[in-house]
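Undergrad: Here's a structure for you.
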Amino acid sequence: MRRLGMPVLIAIAAALLPHFASAAPAAGQAEQASAGRQTLVHDGIERHYLLRVPADLRPDKGRVPLVLVLHGGGGNADNAETMTGFTAKASKEGFIVAYPEGSGRLKGRLLTWNAVHCCGYAMEKQVDDVGFINALIDKLTQSYPIDTGRIYATGMSNGGMMTHRLGIALSGRLAAIVPVVATVFGDEPQPAGPLSALMINGALDQNVPNAGGAPGGRGASAWDGMPARPMLDQARFWAAADACASPPQQIDQATTTQWRYTCPGGKAVELYLVKDNGHAWPGGQPGSRRGDTPSQSLNATDLIWAFFQAHPK
């Protein structure tokens, strides 16, 4: 077994922002759990997620988007929140953001997602992470005024690989996905329906190599040995699923190269290669003390939210 060279992500406690609520809803509002750390039992396992809900959320103000943000291998919800800055974005733009957690041998630490060929505990134990996320969407849509046509998923590294898997398995529920510094393996099944997808990779990434092949970086476990496909195969996969025209338009800029497909039905498939970014969330915080320093030439969270806004179901 090969270990994916992902940095061990250290949990960083994140303070609840003042624009987000933790109190019970007022009379007349939809019944909802308190914002903050939550639990959900799925497949007999107690799973956890961090929830951030706008303080002024009311059904009479209309339904709002839901964004799921998946941490990287070895991380957790607190780490994903701090690394991406999605809570501040949700506060400003008025949507709900949830940070689900993977699983592991240690409580709340070194958590991974079962992305079939990666990673670690979740892969080895064949944890039903698709079922968990599906159940989480059920719970949140039943408890909050969520627009079911605007449910989105993004994630980094192992979380990005899991985001690909969610897009494939839950194409009927998700409107768009954005895997960050992630990959596909070439044996993914076709999704049942089309789905908009944006991929963001780093030209300096040594952990998930853009040329494909064996993982690099620190360590050599948590991977089952299936070689990663080249970076652009992610876009090719979703372009085929969405019946997009080939070849894509290539747009070269000072700090990025972008590939953009022309797709029917309002769908979109794009890939950004950030030239000065390694295995990190561009525009965000490092995933760990030893993690790569994120590029500041592109803000991934801003780009992702703009993509989500432009592509409802």
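Chain labels run A, B, ... following the order of the structure tokens; each chain numbers its residues from 1, and ligands are numbered from 1 in the order shown.
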Would you please extract all strand (DSSP E or B) residues from stretch 62-156 of chain A, as assigned by DSSP on the backbone, and give them as a VMD selection string?

TA: chain A and resid 64 to 70 75 96 to 100 103 106 109 111 to 112 118 146 to 156

Undergrad: Looking only at alpha helix (DSSP H) from DSSP on the backbone, list the matching residues of stretch 73-206 of chain A as a VMD selection string.

TA: chain A and resid 77 to 84 86 to 93 120 to 124 129 to 143 158 to 169

Undergrad: If you take only C-alpha atoms and a cut-off of 12 Å, which residues of stretch 68-144 of chain A touch stretch 291-313 of chain A, and what are their nearest atom pairs and distances in Å to one decimal, in chain and number order, as a tab-separated table?

TA:
```
residue	atom	partner	partner_atom	distance
A:Leu68	CA	A:Phe308	CA	11.6
A:Val69	CA	A:Thr301	CA	10.5
A:Gly72	CA	A:Gly291	CA	11.5
A:Gly74	CA	A:Gly291	CA	11.6
A:Gly75	CA	A:Gly291	CA	11.7
A:Ala80	CA	A:Thr301	CA	11.7
A:Glu81	CA	A:Thr301	CA	11.1
A:Thr82	CA	A:Thr301	CA	11.8
A:Met83	CA	A:Pro294	CA	9.6
A:Thr84	CA	A:Thr301	CA	6.4
A:Gly85	CA	A:Thr301	CA	7.1
A:Phe86	CA	A:Thr301	CA	6.5
A:Thr87	CA	A:Thr301	CA	10.2
A:Ala88	CA	A:Thr301	CA	10.0
A:Lys89	CA	A:Thr301	CA	7.7
A:Ala90	CA	A:Trp305	CA	9.2
A:Lys92	CA	A:Trp305	CA	11.4
A:Glu93	CA	A:Trp305	CA	9.2
A:Gly94	CA	A:Trp305	CA	11.6
A:Phe95	CA	A:Trp305	CA	10.3
A:Val97	CA	A:Trp305	CA	11.4
```

Undergrad: Residues at most 7 Å from stretch 152-168 of chain A, counting only C-alpha atoms, excluding those fewer than 4 positions away in the same chain, as a CSV table (one decimal) with C-alpha atoms, in the first residue's frame?

TA:
```
chain,number,residue,atom,x,y,z
A,66,LEU,CA,-25.8,25.2,1.0
A,67,VAL,CA,-22.1,24.7,0.6
A,68,LEU,CA,-20.3,21.6,1.9
A,69,VAL,CA,-16.6,22.0,2.5
A,70,LEU,CA,-14.5,18.8,2.9
A,71,HIS,CA,-11.2,18.9,4.8
A,72,GLY,CA,-8.0,17.3,3.4
A,73,GLY,CA,-6.5,14.0,4.5
A,113,TRP,CA,-12.4,10.3,3.4
A,114,ASN,CA,-13.1,7.1,1.5
A,115,ALA,CA,-12.4,8.3,-2.1
A,118,CYS,CA,-7.4,7.1,-1.0
A,119,CYS,CA,-7.1,7.6,1.9
A,130,VAL,CA,-21.3,9.0,0.3
A,174,LEU,CA,-25.6,18.6,-6.2
A,175,ALA,CA,-25.6,21.6,-8.6
A,176,ALA,CA,-21.8,22.0,-8.9
A,177,ILE,CA,-18.5,20.8,-7.4
A,178,VAL,CA,-15.0,22.2,-7.0
A,179,PRO,CA,-12.2,19.8,-6.1
A,180,VAL,CA,-9.0,21.6,-5.1
A,181,VAL,CA,-5.5,20.1,-5.5
A,182,ALA,CA,-7.2,16.7,-6.2
A,183,THR,CA,-7.2,14.0,-8.9
A,184,VAL,CA,-9.2,11.2,-10.5
A,190,GLN,CA,-20.2,7.9,-15.1
A,191,PRO,CA,-22.6,10.1,-13.1
A,308,PHE,CA,-21.4,28.2,-7.5
```

Undergrad: Need the shell around A:Phe132: protein/DNA/RNA residues with any atom at most 12 Å away, counting only C-alpha atoms. Skip same-chain ones fewer than 6 positions apart. Format as number ranges by chain?

TA: A: 39-49, 100-103, 113-114, 138-139, 162, 166, 170

Undergrad: How about saving the chosen residues, N, CA and C atoms kept, as a compact mmCIF listing (two decimals), in the first residue's frame?

TA:
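Final output, out35.txt:
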```
# COMPACT_ATOMS: atom_id res chain seq x y z
N THR A 39 -23.76 16.41 15.43
CA THR A 39 -23.54 14.98 15.22
C THR A 39 -24.66 14.40 14.37
N LEU A 40 -24.35 13.32 13.70
CA LEU A 40 -25.32 12.59 12.89
C LEU A 40 -24.90 11.13 12.88
N VAL A 41 -25.79 10.25 13.28
CA VAL A 41 -25.48 8.82 13.27
C VAL A 41 -25.86 8.26 11.90
N HIS A 42 -24.86 7.71 11.22
CA HIS A 42 -25.10 7.08 9.93
C HIS A 42 -24.37 5.74 9.88
N ASP A 43 -25.07 4.72 9.42
CA ASP A 43 -24.49 3.39 9.30
C ASP A 43 -23.96 2.89 10.64
N GLY A 44 -24.65 3.31 11.71
CA GLY A 44 -24.27 2.91 13.06
C GLY A 44 -23.08 3.64 13.63
N ILE A 45 -22.58 4.66 12.92
CA ILE A 45 -21.39 5.40 13.36
C ILE A 45 -21.78 6.84 13.64
N GLU A 46 -21.32 7.37 14.76
CA GLU A 46 -21.56 8.77 15.07
C GLU A 46 -20.61 9.64 14.26
N ARG A 47 -21.16 10.42 13.36
CA ARG A 47 -20.37 11.31 12.53
C ARG A 47 -20.55 12.75 13.00
N HIS A 48 -19.61 13.60 12.60
CA HIS A 48 -19.60 14.97 13.09
C HIS A 48 -19.47 15.96 11.93
N TYR A 49 -19.99 17.16 12.17
CA TYR A 49 -19.84 18.24 11.19
C TYR A 49 -19.97 19.57 11.92
N PRO A 100 -18.33 18.89 7.01
CA PRO A 100 -18.40 17.52 7.53
C PRO A 100 -17.01 16.97 7.80
N GLU A 101 -16.95 15.98 8.68
CA GLU A 101 -15.67 15.36 9.01
C GLU A 101 -15.60 13.93 8.53
N GLY A 102 -14.42 13.53 8.11
CA GLY A 102 -14.15 12.15 7.76
C GLY A 102 -14.05 11.29 9.01
N SER A 103 -13.36 10.18 8.91
CA SER A 103 -13.25 9.26 10.05
C SER A 103 -11.80 8.85 10.24
N TRP A 113 -11.17 10.59 4.13
CA TRP A 113 -12.38 10.27 3.36
C TRP A 113 -12.12 9.03 2.50
N ASN A 114 -13.17 8.25 2.31
CA ASN A 114 -13.08 7.08 1.45
C ASN A 114 -13.34 7.49 0.01
N ASP A 138 -29.93 15.47 3.63
CA ASP A 138 -31.31 15.25 4.06
C ASP A 138 -31.62 16.01 5.34
N LYS A 139 -30.75 15.86 6.32
CA LYS A 139 -30.98 16.49 7.62
C LYS A 139 -31.03 18.01 7.51
N MET A 162 -12.82 13.15 -2.69
CA MET A 162 -14.16 12.79 -2.22
C MET A 162 -15.21 13.66 -2.88
N LEU A 166 -18.53 12.44 -4.71
CA LEU A 166 -19.86 12.94 -4.40
C LEU A 166 -20.57 13.43 -5.66
N LEU A 170 -23.92 11.70 -6.37
CA LEU A 170 -25.04 12.56 -5.99
C LEU A 170 -25.28 13.64 -7.04
```

Undergrad: Give me, please, the distance in Å between atom CA of A:Leu50 and atom CA of A:Phe185, quoted to one decimal.

TA: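 Here the two named atoms are 29.4 Å from each other.
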
Undergrad: Measuring between only C-alpha atoms, which one of A:Gly120, A:Gly278, A:Gly36, A:Gly213 shows the shortest distance to A:Tyr99?

TA: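 Between A:Gly120, A:Gly278, A:Gly36, A:Gly213, the residue approaching A:Tyr99 most closely is A:Gly36.
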
Undergrad: Using only C-alpha atoms for the distances, tell me which of A:Ala35, A:Val208, A:Ile200, A:Leu232 is nearest to A:Leu273.

TA: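 Smallest distance to A:Leu273 is found for A:Ile200.
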
Undergrad: What is the atom CA of A:Ala122 to atom CA of A:Gly104 distance in Å?

TA: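 Those two atoms sit 6.7 Å apart.
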